[in-house]
Amino acid sequence: MWKNFIRVTIRSISKNKAFNAINIAGLAIGLASAIFIILYIISETSYDKFNERSADIYRLYIDGKMAGEEFRGAWVSPITGPAFHEEIPEIENFCRFDWANNRLMWVDPANKYLENQLLYADSTFFEVFTIALLQGDPHTCLDEPNTLVLTESKALQYFPEGDPIGKSIAMNDDSTLYRVTGVVEEAPRTSHFDYDFICSYSTYESSRRTTWFNNHMQTYFVVSPGADPDLLDEKLQSILLTYIGPELEQMMGVSAEELFAAGNKYGYHPQPLLDIHLNSDIEVPSDIGYRPNGNRTYLIIFGVIAFFVLIIASINFMNLSTARSLSRAKEVSLRKVVGSDRKQLVQQFLFESVFLSMVSLVIAIVLVAMLLTPFNKLVGLNLEYGDIFSWYMIPSFIALAVLVGLLSGSYPSFVLASFKPIFALKGNASVKNGTTVLRNALVIIQFSISIIIIAGTLVIYWQFQYMTNKDLGFDKEQLVVVERIHPLGAGNEIQTFKKELLTHSAVLSATNSTAYLGAPNNNNAYAIKGRPLDETVLFHTFWTDEDFMETYRFGLATPDSRYFSKEFSTDSSACLVNEAAVRKYNLEDPLNQSIIWGFDDPENPKELRIVGVMEDHHFLTLKHEVGAQIVILKDKNWEWSGYLTVRLAAGKENMEAGLAHIKDKWEEFTSDEPLQYFFLDEELDSYYAEEKKTGAVTMIFSILAIFIASLGLFGLTLYNSQKRIREIGIRRVMGASESNVITVISKSVGYAVGISIVIAMPVAYFMMQDWLRDFPYNIGFQPLLFVMAALLSIIIAMVTVTVTSLKAARINPALALHYE
């Protein structure tokens with residue numbers, strides 16, 4: 001029986017090459033699209049699963065609310081690990097993380113390297129995480145201060161002559177050498193953190209601090225198998241309250257109960273390790289060692305797109321198969337006459353459908369293998385060939401192809417098997433089968449899905465363009481931010497360097513600050529003079545020199561406001577706040593108010609008089625609303641060097657000359673220290689990499705969905721043209737023009753597309769508005785985008801139908817009337 005099925009299937013394919021080529025192409029593209037998205041989803045959801053006890057590992061995060069502002073982040077105090085490990089029996093082990101970058105490292109002073117991926121970790125690192133130590137003892141390699149392990153690639157870079165164990169690496173200006181105690185494997189591709197070096201956390205003096213309100217690093221716990229996370233959370237809060245109470249009393253003069261009664265909150269909570277990569281709500285203090293977070297919402301979007309593309313491809317198969325059913329009516333009837341029963345016929349046609357689906361799968365896998373590298377480059381992913389051929393993927397793909405084949409071939413199979421021989425042999429099998437209504441319904445479904453995908457793609461693209469082009473309230477162009485400026489020395493040396501930069505006409509201004517706009521690194525608690533100390537307020541804090549406003553070019557909100565100036569010696573006790581802070585904290589007549597800084601030291605608080613109110617500008621990304629901001633004059637004697645931002649004159653020549661001048665002066669001031677800088681506009685655009693990637697992926701699969709739907713329309717129009725070829729011949733003989741014939745053939749498709757638009761637009765609107773709600777600054781409802789999506793779908797459909805119909809309209813009427 002199966003031999004006969006195969007023989008009939010091959011014969012049927014050879015007789016209907018055009019229709020089967022369209023079917024196979026549509027299914028292959030649909031399956032390839034689904035495979036790409038499945039690989040992406042599997043990659044994103046497999047983060048950190050390589051750890052043997054991944055289900056028992058948690059990262060501690062802080063969830064708080066102070067002065068009406070909420071914050072959630074994976075930064076805690078160094079004391080949390082030892083304290084909670086001692087107090088809570090369920091916590092079996094812990095490991096603390098801290099990160100460092102911009103470290104100049106060398107073995108040979110003639111070959112120095114600037115390193116950015118330094119992880120400082122407890123000696124328990126290899127007990128908590130399943131990461132292989134290739135050389136050294138995992139139990140002791142991080143026990144002592146000033147020891148480190150490095151990856152294989154770094155070991156080869158620093159010690160090309162051989163075994164690095166026991167040898168030393170110098171770091172920055174520190175006279176203490178770091179001793180190499182091991183070689184570690186590269187961080188797994190699906191690890192949420194990355195590293196080049198792992199240094200002993202005991203090297204840091206801060207590892208021995210016992211202050212609870214000193215949150216700047218990360219703590220991971222390993223808990224007993226089956227431990228209740230809710231119970232663990234309760235114990236964390238209870239113990240935390242015990243410890244932070246005395247510090248609150250000393251710092252703010254209030255108890256924890258009084259603080260919480262005023263509407264504030266402050267707590268540590270466990271975050272499952274497997275939840276970290278796809279949870280962007282919990283921030284990290286920096287992205288030095290952490291890989292970019294994924295987004296669970298985008299996974300759902302891509303999953304829906306994959307499902308839709310498969311549905312469109314399956315509908316194509318079903319549509320073309322039912323449309324082609326009349327051409328096989330006589331074959332079916334003859335089979336029934338000679339003894340084939342309904343069951344055998346259904347099995348035959350289902351076999352044909354699954355066979356075509358399996359052929360499509362083979363082509364799809366070849367397409368994926370060929371296009372994986374360019375796809376990765378285009379959308380910024382790191383999918384690997386091995387993912388395609390893993391032990392569970394191939395059976396999954398086969399099961400998917402069989403399922404698609406059965407679903408797409410089910411209805412056509414039953415339609416074909418239901419023909420009555422007496423009608424089919426007379427040539428009027430179409431009287432009872434009702435496939436026209438079904439085909440039109442399927443076309444409507446296809447194009448409804450396509451229009452939804454088109455509209456979604458346009459909204460995502462427009463939102464990304466909006467975020468990258470929105471006026472930020474300051475001028476981000478022509479700004480060069482120099483990192484790692486501590487080789488220049490303390491504040492006075494930095495100011496001298498600034499003056500030297502300004503000697504070139506291409507350099508318009510320069511400023512030294514602890515943060516650059518777009519990436520604040522401090523959110524500090526303050527008090528407002530005249531209000532109770534327990535009414536703390538939070539400000540995103542920038543310490544700057546007098547040239548910060550001139551360099552970034554933001555404005556002041558009131559005529560009486562001013563920025564810092566060397567003409568005012570009292571500015572060391574002054575500050576500026578933004579309009580958002582004035583609104584949020586009800587600062588009436590702000591220029592006559594003061595902010596209290598350092599109120600945690602009641603004997604020596606510092607009063608900062610407000611001398612200016614700044615216009616709101618986006619010092620955070622557009623994923624956050626503009627919050628309360630304070631700017632304080634940076635002490636020239638601070639060792640905290642921060643950043644140097646330089647504004648260059650417009651024009652390519654000025655840009656090149658300005659950069660060359662910066663490099664020359666840097667070498668003059670720092671000898672052989674490397675210069676590290678970036679352009680601010682490029683840095684700010686990189687913050688929206690996830691949105692850019694999402695837009696690229698949806699654009700690609702939107703085009704594929706439209707192409708597959710167009711293939712279906714092409715096949716259907718081709719079939720309708722062949723079925724009505726005599727009618728077309730008669731119309732041409734009676735004087736109908738080519739345009740008349742095209743109109744007759746395409747009329748039903750036009751109606752179907754029109755209905756699709758009516759169905760798709762409300763669905764697309766609600767889906768996109770729900771997605772846009774995640775962005776405080778978004779494009780809102782843009783009717784033009786939905787009109788564009790509708791027009792694009794109409795144009796694509798009409799072009800496809802017209803091109804196919806035109807061939808039928810130009811056929812010789814004499815040949816058409818002799819057809820069959």
# chains A, B, ... in the order shown; residues from 1 in each chain; ligands from 1
>>> residues_around(residues="Ala660 in chain A", least_positions_apart="6", cutoff="12 Å", atoms="only C-alpha atoms", output="PDB file with all heavy atoms, in the first residue's frame")
ATOM      1  N   LEU A 501      42.807  71.479  25.835  1.00  0.00           N
ATOM      2  CA  LEU A 501      41.930  71.054  24.735  1.00  0.00           C
ATOM      3  C   LEU A 501      41.304  72.255  24.041  1.00  0.00           C
ATOM      4  O   LEU A 501      41.136  72.273  22.817  1.00  0.00           O
ATOM      5  CB  LEU A 501      40.836  70.124  25.254  1.00  0.00           C
ATOM      6  CG  LEU A 501      41.246  68.737  25.755  1.00  0.00           C
ATOM      7  CD1 LEU A 501      40.010  67.940  26.174  1.00  0.00           C
ATOM      8  CD2 LEU A 501      42.027  67.972  24.686  1.00  0.00           C
ATOM      9  N   HIS A 504      42.407  74.516  20.712  1.00  0.00           N
ATOM     10  CA  HIS A 504      42.160  74.183  19.302  1.00  0.00           C
ATOM     11  C   HIS A 504      40.769  74.665  18.908  1.00  0.00           C
ATOM     12  O   HIS A 504      39.804  74.512  19.665  1.00  0.00           O
ATOM     13  CB  HIS A 504      42.268  72.669  19.079  1.00  0.00           C
ATOM     14  CG  HIS A 504      42.430  72.292  17.634  1.00  0.00           C
ATOM     15  ND1 HIS A 504      41.405  72.372  16.725  1.00  0.00           N
ATOM     16  CD2 HIS A 504      43.517  71.822  16.951  1.00  0.00           C
ATOM     17  CE1 HIS A 504      41.830  71.972  15.535  1.00  0.00           C
ATOM     18  NE2 HIS A 504      43.112  71.627  15.648  1.00  0.00           N
ATOM     19  N   ALA A 506      38.671  73.495  16.882  1.00  0.00           N
ATOM     20  CA  ALA A 506      37.671  72.440  16.685  1.00  0.00           C
ATOM     21  C   ALA A 506      37.009  72.026  17.991  1.00  0.00           C
ATOM     22  O   ALA A 506      35.973  71.349  17.980  1.00  0.00           O
ATOM     23  CB  ALA A 506      38.305  71.221  16.019  1.00  0.00           C
ATOM     24  N   VAL A 507      37.594  72.386  19.128  1.00  0.00           N
ATOM     25  CA  VAL A 507      37.028  72.054  20.442  1.00  0.00           C
ATOM     26  C   VAL A 507      36.279  73.270  20.968  1.00  0.00           C
ATOM     27  O   VAL A 507      36.879  74.302  21.270  1.00  0.00           O
ATOM     28  CB  VAL A 507      38.128  71.616  21.427  1.00  0.00           C
ATOM     29  CG1 VAL A 507      37.513  71.301  22.794  1.00  0.00           C
ATOM     30  CG2 VAL A 507      38.883  70.399  20.887  1.00  0.00           C
ATOM     31  N   LEU A 648      32.720  69.067  20.035  1.00  0.00           N
ATOM     32  CA  LEU A 648      33.503  69.432  18.858  1.00  0.00           C
ATOM     33  C   LEU A 648      32.650  70.260  17.907  1.00  0.00           C
ATOM     34  O   LEU A 648      31.420  70.145  17.875  1.00  0.00           O
ATOM     35  CB  LEU A 648      34.007  68.181  18.145  1.00  0.00           C
ATOM     36  CG  LEU A 648      34.887  67.238  18.981  1.00  0.00           C
ATOM     37  CD1 LEU A 648      35.281  66.025  18.152  1.00  0.00           C
ATOM     38  CD2 LEU A 648      36.130  67.962  19.485  1.00  0.00           C
ATOM     39  N   GLU A 653      35.711  67.637   8.999  1.00  0.00           N
ATOM     40  CA  GLU A 653      37.083  68.102   9.217  1.00  0.00           C
ATOM     41  C   GLU A 653      37.321  68.488  10.666  1.00  0.00           C
ATOM     42  O   GLU A 653      38.358  68.163  11.257  1.00  0.00           O
ATOM     43  CB  GLU A 653      37.386  69.288   8.295  1.00  0.00           C
ATOM     44  CG  GLU A 653      37.428  68.926   6.818  1.00  0.00           C
ATOM     45  CD  GLU A 653      37.800  70.114   5.951  1.00  0.00           C
ATOM     46  OE1 GLU A 653      38.013  71.213   6.528  1.00  0.00           O
ATOM     47  OE2 GLU A 653      37.872  69.950   4.731  1.00  0.00           O
ATOM     48  N   ASN A 654      36.342  69.186  11.258  1.00  0.00           N
ATOM     49  CA  ASN A 654      36.472  69.567  12.673  1.00  0.00           C
ATOM     50  C   ASN A 654      36.466  68.337  13.572  1.00  0.00           C
ATOM     51  O   ASN A 654      37.184  68.294  14.578  1.00  0.00           O
ATOM     52  CB  ASN A 654      35.340  70.507  13.070  1.00  0.00           C
ATOM     53  CG  ASN A 654      35.533  71.905  12.525  1.00  0.00           C
ATOM     54  OD1 ASN A 654      36.644  72.408  12.475  1.00  0.00           O
ATOM     55  ND2 ASN A 654      34.447  72.538  12.104  1.00  0.00           N
ATOM     56  N   TRP A 666      46.280  64.003  25.126  1.00  0.00           N
ATOM     57  CA  TRP A 666      46.220  62.860  26.048  1.00  0.00           C
ATOM     58  C   TRP A 666      47.606  62.222  26.185  1.00  0.00           C
ATOM     59  O   TRP A 666      48.052  61.911  27.293  1.00  0.00           O
ATOM     60  CB  TRP A 666      45.199  61.839  25.540  1.00  0.00           C
ATOM     61  CG  TRP A 666      45.080  60.619  26.412  1.00  0.00           C
ATOM     62  CD1 TRP A 666      45.758  59.450  26.271  1.00  0.00           C
ATOM     63  CD2 TRP A 666      44.276  60.473  27.569  1.00  0.00           C
ATOM     64  NE1 TRP A 666      45.402  58.564  27.258  1.00  0.00           N
ATOM     65  CE2 TRP A 666      44.494  59.171  28.083  1.00  0.00           C
ATOM     66  CE3 TRP A 666      43.361  61.303  28.228  1.00  0.00           C
ATOM     67  CZ2 TRP A 666      43.838  58.683  29.210  1.00  0.00           C
ATOM     68  CZ3 TRP A 666      42.713  60.815  29.359  1.00  0.00           C
ATOM     69  CH2 TRP A 666      42.952  59.533  29.842  1.00  0.00           C
ATOM     70  N   GLU A 667      48.266  62.003  25.058  1.00  0.00           N
ATOM     71  CA  GLU A 667      49.604  61.407  25.100  1.00  0.00           C
ATOM     72  C   GLU A 667      50.586  62.320  25.833  1.00  0.00           C
ATOM     73  O   GLU A 667      51.463  61.847  26.554  1.00  0.00           O
ATOM     74  CB  GLU A 667      50.090  61.146  23.673  1.00  0.00           C
ATOM     75  CG  GLU A 667      49.325  60.043  22.965  1.00  0.00           C
ATOM     76  CD  GLU A 667      49.753  59.869  21.521  1.00  0.00           C
ATOM     77  OE1 GLU A 667      50.680  60.613  21.092  1.00  0.00           O
ATOM     78  OE2 GLU A 667      49.167  59.012  20.828  1.00  0.00           O
ATOM     79  N   LEU A 675      43.872  55.933  25.383  1.00  0.00           N
ATOM     80  CA  LEU A 675      42.722  56.843  25.381  1.00  0.00           C
ATOM     81  C   LEU A 675      41.472  56.041  25.044  1.00  0.00           C
ATOM     82  O   LEU A 675      41.428  55.333  24.036  1.00  0.00           O
ATOM     83  CB  LEU A 675      42.938  57.957  24.348  1.00  0.00           C
ATOM     84  CG  LEU A 675      41.747  58.887  24.090  1.00  0.00           C
ATOM     85  CD1 LEU A 675      41.437  59.713  25.331  1.00  0.00           C
ATOM     86  CD2 LEU A 675      42.038  59.801  22.895  1.00  0.00           C
TER      87      LEU A 675
END
>>> select_by_dssp(residues="range 552-736 of chain A", states="strand (DSSP E)", output="number ranges by chain")
A: 574-578, 594-597, 606-614, 629-633, 643-648, 676-679
>>> write_last_selection(atoms="N, CA, C and O atoms", output="CSV table (one decimal), in the first residue's frame")
chain,number,residue,atom,x,y,z
A,574,ALA,N,26.0,75.1,46.6
A,574,ALA,CA,24.8,75.4,45.8
A,574,ALA,C,24.5,74.2,45.0
A,574,ALA,O,25.2,73.2,44.9
A,575,CYS,N,23.3,74.2,44.4
A,575,CYS,CA,22.8,73.1,43.5
A,575,CYS,C,21.8,73.6,42.6
A,575,CYS,O,21.3,74.8,42.7
A,576,LEU,N,21.5,72.8,41.6
A,576,LEU,CA,20.4,73.1,40.6
A,576,LEU,C,19.5,71.8,40.7
A,576,LEU,O,20.0,70.7,40.8
A,577,VAL,N,18.2,72.0,40.5
A,577,VAL,CA,17.3,70.9,40.3
A,577,VAL,C,16.5,71.1,39.0
A,577,VAL,O,16.5,72.2,38.5
A,578,ASN,N,15.8,70.1,38.6
A,578,ASN,CA,15.0,70.2,37.3
A,578,ASN,C,13.6,70.4,37.6
A,578,ASN,O,13.1,70.4,38.8
A,594,SER,N,16.5,75.1,50.1
A,594,SER,CA,17.8,74.4,50.2
A,594,SER,C,17.6,72.9,50.3
A,594,SER,O,16.6,72.5,50.9
A,595,ILE,N,18.5,72.2,49.8
A,595,ILE,CA,18.5,70.7,49.9
A,595,ILE,C,19.6,70.3,50.9
A,595,ILE,O,20.7,70.9,50.9
A,596,ILE,N,19.2,69.4,51.8
A,596,ILE,CA,20.2,68.9,52.8
A,596,ILE,C,20.8,67.6,52.3
A,596,ILE,O,20.2,66.7,52.0
A,597,TRP,N,22.1,67.7,52.2
A,597,TRP,CA,22.9,66.5,51.7
A,597,TRP,C,23.8,66.0,52.9
A,597,TRP,O,24.3,66.8,53.7
A,606,LYS,N,25.2,69.0,55.1
A,606,LYS,CA,25.6,70.0,54.2
A,606,LYS,C,24.4,70.6,53.5
A,606,LYS,O,23.6,69.9,53.0
A,607,GLU,N,24.3,71.9,53.6
A,607,GLU,CA,23.1,72.6,53.0
A,607,GLU,C,23.5,73.2,51.7
A,607,GLU,O,24.5,73.9,51.5
A,608,LEU,N,22.6,72.8,50.7
A,608,LEU,CA,22.9,73.2,49.3
A,608,LEU,C,21.7,74.1,48.9
A,608,LEU,O,20.6,73.7,48.8
A,609,ARG,N,22.1,75.4,48.6
A,609,ARG,CA,21.1,76.3,48.2
A,609,ARG,C,20.8,76.2,46.7
A,609,ARG,O,21.7,76.1,45.9
A,610,ILE,N,19.5,76.2,46.4
A,610,ILE,CA,19.1,76.0,45.0
A,610,ILE,C,19.3,77.4,44.3
A,610,ILE,O,18.7,78.4,44.6
A,611,VAL,N,20.2,77.4,43.2
A,611,VAL,CA,20.4,78.6,42.5
A,611,VAL,C,19.8,78.6,41.1
A,611,VAL,O,19.9,79.6,40.4
A,612,GLY,N,19.3,77.5,40.7
A,612,GLY,CA,18.7,77.4,39.4
A,612,GLY,C,17.8,76.2,39.2
A,612,GLY,O,17.9,75.2,39.9
A,613,VAL,N,16.8,76.4,38.3
A,613,VAL,CA,15.9,75.3,37.9
A,613,VAL,C,16.2,75.0,36.5
A,613,VAL,O,16.1,75.9,35.6
A,614,MET,N,16.5,73.7,36.2
A,614,MET,CA,16.8,73.3,34.8
A,614,MET,C,15.5,72.9,34.1
A,614,MET,O,14.6,72.3,34.7
A,629,GLN,N,16.1,65.4,39.3
A,629,GLN,CA,17.5,65.5,39.1
A,629,GLN,C,18.1,66.7,39.9
A,629,GLN,O,17.5,67.7,40.0
A,630,ILE,N,19.3,66.4,40.4
A,630,ILE,CA,20.0,67.5,41.1
A,630,ILE,C,21.5,67.5,40.6
A,630,ILE,O,22.0,66.5,40.2
A,631,VAL,N,22.0,68.7,40.4
A,631,VAL,CA,23.4,68.9,39.9
A,631,VAL,C,24.1,69.7,41.0
A,631,VAL,O,23.6,70.7,41.5
A,632,ILE,N,25.3,69.1,41.4
A,632,ILE,CA,26.1,69.7,42.5
A,632,ILE,C,27.5,70.0,41.9
A,632,ILE,O,28.0,69.2,41.1
A,633,LEU,N,28.1,71.1,42.4
A,633,LEU,CA,29.4,71.4,41.9
A,633,LEU,C,30.5,70.4,42.4
A,633,LEU,O,30.5,70.1,43.6
A,643,TYR,N,34.0,61.4,34.2
A,643,TYR,CA,34.1,61.5,32.7
A,643,TYR,C,34.5,62.9,32.2
A,643,TYR,O,34.2,63.9,32.9
A,644,LEU,N,35.0,63.0,31.0
A,644,LEU,CA,35.3,64.2,30.4
A,644,LEU,C,34.5,64.3,29.1
A,644,LEU,O,34.8,63.4,28.2
A,645,THR,N,33.6,65.2,29.0
A,645,THR,CA,32.8,65.3,27.8
A,645,THR,C,33.3,66.5,27.0
A,645,THR,O,33.4,67.6,27.5
A,646,VAL,N,33.6,66.3,25.7
A,646,VAL,CA,34.1,67.4,24.8
A,646,VAL,C,33.2,67.6,23.7
A,646,VAL,O,32.7,66.7,23.0
A,647,ARG,N,32.8,68.9,23.5
A,647,ARG,CA,32.0,69.2,22.3
A,647,ARG,C,32.9,69.7,21.2
A,647,ARG,O,33.6,70.7,21.4
A,648,LEU,N,32.7,69.1,20.0
A,648,LEU,CA,33.5,69.4,18.9
A,648,LEU,C,32.6,70.3,17.9
A,648,LEU,O,31.4,70.1,17.9
A,676,GLN,N,40.5,56.2,25.9
A,676,GLN,CA,39.2,55.4,25.6
A,676,GLN,C,38.1,56.4,25.6
A,676,GLN,O,37.8,57.2,26.5
A,677,TYR,N,37.3,56.4,24.5
A,677,TYR,CA,36.3,57.4,24.3
A,677,TYR,C,35.1,56.8,23.5
A,677,TYR,O,35.3,55.8,22.8
A,678,PHE,N,34.0,57.5,23.5
A,678,PHE,CA,32.9,57.1,22.6
A,678,PHE,C,32.1,58.4,22.2
A,678,PHE,O,32.2,59.4,22.9
A,679,PHE,N,31.4,58.3,21.1
A,679,PHE,CA,30.5,59.4,20.7
A,679,PHE,C,29.1,59.2,21.4
A,679,PHE,O,28.5,58.1,21.4
>>> closest_residue(among="A:Ala650, A:Ile301, A:Cys199, A:Ile35", to="Ser396 in chain A", atoms="only C-alpha atoms")
A:Ile35
>>> select_by_dssp(residues="range 529-727 of chain A", states="helix (DSSP H, G or I)", output="count of residues only")
83
>>> residues_around(residues="Phe701 in chain A", least_positions_apart="2", cutoff="8 Å", atoms="only C-alpha atoms", output="list in words")
Ser33, Ile305, Val309, Val697, Thr698, Met699, Ile703, Leu704 and Ala705 of chain A
>>> residues_around(residues="Ile779 in chain A", least_positions_apart="4", cutoff="10 Å", atoms="only C-alpha atoms", output="NGL selection string")
:A and (459-460 or 462-467 or 769 or 772 or 775)
>>> write_last_selection(atoms="all heavy atoms", output="mmCIF file, in the first residue's frame")
data_model
loop_
_atom_site.group_PDB
_atom_site.id
_atom_site.type_symbol
_atom_site.label_atom_id
_atom_site.label_comp_id
_atom_site.auth_asym_id
_atom_site.auth_seq_id
_atom_site.Cartn_x
_atom_site.Cartn_y
_atom_site.Cartn_z
ATOM 1 N N VAL A 459 4.502 49.994 13.373
ATOM 2 C CA VAL A 459 4.453 50.653 14.686
ATOM 3 C C VAL A 459 5.779 50.469 15.427
ATOM 4 O O VAL A 459 6.320 51.426 16.004
ATOM 5 C CB VAL A 459 3.283 50.097 15.522
ATOM 6 C CG1 VAL A 459 3.373 50.590 16.967
ATOM 7 C CG2 VAL A 459 1.949 50.523 14.922
ATOM 8 N N ILE A 460 6.326 49.248 15.414
ATOM 9 C CA ILE A 460 7.601 48.989 16.094
ATOM 10 C C ILE A 460 8.721 49.823 15.461
ATOM 11 O O ILE A 460 9.539 50.430 16.163
ATOM 12 C CB ILE A 460 7.944 47.481 16.042
ATOM 13 C CG1 ILE A 460 6.958 46.692 16.915
ATOM 14 C CG2 ILE A 460 9.374 47.226 16.502
ATOM 15 C CD1 ILE A 460 7.084 45.189 16.781
ATOM 16 N N TRP A 462 8.396 52.630 13.753
ATOM 17 C CA TRP A 462 8.161 54.046 14.025
ATOM 18 C C TRP A 462 8.553 54.388 15.466
ATOM 19 O O TRP A 462 9.082 55.460 15.726
ATOM 20 C CB TRP A 462 6.699 54.382 13.764
ATOM 21 C CG TRP A 462 6.511 55.606 12.913
ATOM 22 C CD1 TRP A 462 6.316 56.897 13.323
ATOM 23 C CD2 TRP A 462 6.510 55.659 11.485
ATOM 24 N NE1 TRP A 462 6.183 57.737 12.241
ATOM 25 C CE2 TRP A 462 6.302 57.017 11.095
ATOM 26 C CE3 TRP A 462 6.659 54.701 10.484
ATOM 27 C CZ2 TRP A 462 6.233 57.402 9.761
ATOM 28 C CZ3 TRP A 462 6.594 55.096 9.164
ATOM 29 C CH2 TRP A 462 6.386 56.433 8.825
ATOM 30 N N GLN A 463 8.250 53.490 16.405
ATOM 31 C CA GLN A 463 8.604 53.733 17.799
ATOM 32 C C GLN A 463 10.118 53.786 17.974
ATOM 33 O O GLN A 463 10.644 54.635 18.706
ATOM 34 C CB GLN A 463 8.010 52.638 18.698
ATOM 35 C CG GLN A 463 8.398 52.725 20.166
ATOM 36 C CD GLN A 463 7.893 53.988 20.851
ATOM 37 O OE1 GLN A 463 6.953 54.628 20.385
ATOM 38 N NE2 GLN A 463 8.502 54.355 21.960
ATOM 39 N N PHE A 464 10.833 52.904 17.294
ATOM 40 C CA PHE A 464 12.296 52.914 17.372
ATOM 41 C C PHE A 464 12.850 54.208 16.788
ATOM 42 O O PHE A 464 13.750 54.842 17.362
ATOM 43 C CB PHE A 464 12.874 51.707 16.625
ATOM 44 C CG PHE A 464 14.372 51.720 16.535
ATOM 45 C CD1 PHE A 464 15.150 51.468 17.655
ATOM 46 C CD2 PHE A 464 15.007 51.994 15.336
ATOM 47 C CE1 PHE A 464 16.534 51.496 17.578
ATOM 48 C CE2 PHE A 464 16.386 52.021 15.247
ATOM 49 C CZ PHE A 464 17.152 51.765 16.366
ATOM 50 N N GLN A 465 12.307 54.631 15.648
ATOM 51 C CA GLN A 465 12.748 55.884 15.048
ATOM 52 C C GLN A 465 12.443 57.070 15.966
ATOM 53 O O GLN A 465 13.243 57.993 16.094
ATOM 54 C CB GLN A 465 12.054 56.087 13.691
ATOM 55 C CG GLN A 465 12.510 55.125 12.615
ATOM 56 C CD GLN A 465 13.980 55.299 12.301
ATOM 57 O OE1 GLN A 465 14.796 54.414 12.575
ATOM 58 N NE2 GLN A 465 14.342 56.434 11.762
ATOM 59 N N TYR A 466 11.296 56.999 16.625
ATOM 60 C CA TYR A 466 10.902 58.076 17.547
ATOM 61 C C TYR A 466 11.906 58.184 18.694
ATOM 62 O O TYR A 466 12.329 59.285 19.064
ATOM 63 C CB TYR A 466 9.500 57.783 18.080
ATOM 64 C CG TYR A 466 9.041 58.703 19.178
ATOM 65 C CD1 TYR A 466 8.522 59.966 18.891
ATOM 66 C CD2 TYR A 466 9.110 58.319 20.515
ATOM 67 C CE1 TYR A 466 8.102 60.815 19.906
ATOM 68 C CE2 TYR A 466 8.684 59.160 21.534
ATOM 69 C CZ TYR A 466 8.179 60.403 21.220
ATOM 70 O OH TYR A 466 7.763 61.240 22.229
ATOM 71 N N MET A 467 12.297 57.039 19.259
ATOM 72 C CA MET A 467 13.206 57.058 20.400
ATOM 73 C C MET A 467 14.604 57.521 20.008
ATOM 74 O O MET A 467 15.293 58.172 20.792
ATOM 75 C CB MET A 467 13.262 55.675 21.051
ATOM 76 C CG MET A 467 11.982 55.296 21.772
ATOM 77 S SD MET A 467 12.149 53.826 22.820
ATOM 78 C CE MET A 467 12.537 52.577 21.623
ATOM 79 N N GLN A 769 -1.309 49.100 20.822
ATOM 80 C CA GLN A 769 -1.467 50.025 21.946
ATOM 81 C C GLN A 769 -1.040 49.361 23.246
ATOM 82 O O GLN A 769 -0.457 50.001 24.127
ATOM 83 C CB GLN A 769 -2.934 50.493 22.039
ATOM 84 C CG GLN A 769 -3.349 51.439 20.922
ATOM 85 C CD GLN A 769 -2.483 52.681 20.846
ATOM 86 O OE1 GLN A 769 -2.350 53.423 21.800
ATOM 87 N NE2 GLN A 769 -1.868 52.900 19.683
ATOM 88 N N LEU A 772 2.762 49.495 23.233
ATOM 89 C CA LEU A 772 3.285 50.850 23.431
ATOM 90 C C LEU A 772 3.170 51.322 24.873
ATOM 91 O O LEU A 772 3.881 52.240 25.285
ATOM 92 C CB LEU A 772 2.557 51.837 22.508
ATOM 93 C CG LEU A 772 2.904 51.767 21.020
ATOM 94 C CD1 LEU A 772 1.974 52.662 20.212
ATOM 95 C CD2 LEU A 772 4.356 52.155 20.774
ATOM 96 N N PHE A 775 6.204 51.935 27.078
ATOM 97 C CA PHE A 775 7.095 53.067 26.848
ATOM 98 C C PHE A 775 6.422 54.352 27.323
ATOM 99 O O PHE A 775 5.374 54.729 26.795
ATOM 100 C CB PHE A 775 7.433 53.196 25.358
ATOM 101 C CG PHE A 775 8.115 51.995 24.777
ATOM 102 C CD1 PHE A 775 7.375 50.978 24.207
ATOM 103 C CD2 PHE A 775 9.490 51.863 24.818
ATOM 104 C CE1 PHE A 775 7.985 49.857 23.672
ATOM 105 C CE2 PHE A 775 10.117 50.758 24.290
ATOM 106 C CZ PHE A 775 9.363 49.743 23.717
#
>>> residues_around(residues="Pro188 in chain A", least_positions_apart="5", cutoff="10 Å", atoms="only C-alpha atoms", output="list in words")
Tyr47, Asp48, Phe50, Thr130, Ile131, Phe193 and Asp194 of chain A
>>> write_last_selection(atoms="C-alpha atoms", output="PDB file, in the first residue's frame")
ATOM      1  CA  TYR A  47      19.959  31.048  29.886  1.00  0.00           C
ATOM      2  CA  ASP A  48      21.736  29.728  32.993  1.00  0.00           C
ATOM      3  CA  PHE A  50      23.765  24.831  32.305  1.00  0.00           C
ATOM      4  CA  THR A 130      28.748  24.997  37.144  1.00  0.00           C
ATOM      5  CA  ILE A 131      31.663  26.565  35.318  1.00  0.00           C
ATOM      6  CA  PHE A 193      27.109  37.253  33.050  1.00  0.00           C
ATOM      7  CA  ASP A 194      30.424  37.319  31.222  1.00  0.00           C
TER       8      ASP A 194
END
>>> closest_residue(among="A:Phe349, A:Phe260, A:Thr621, A:Trp106", to="Phe159 in chain A", atoms="only C-alpha atoms")
A:Trp106
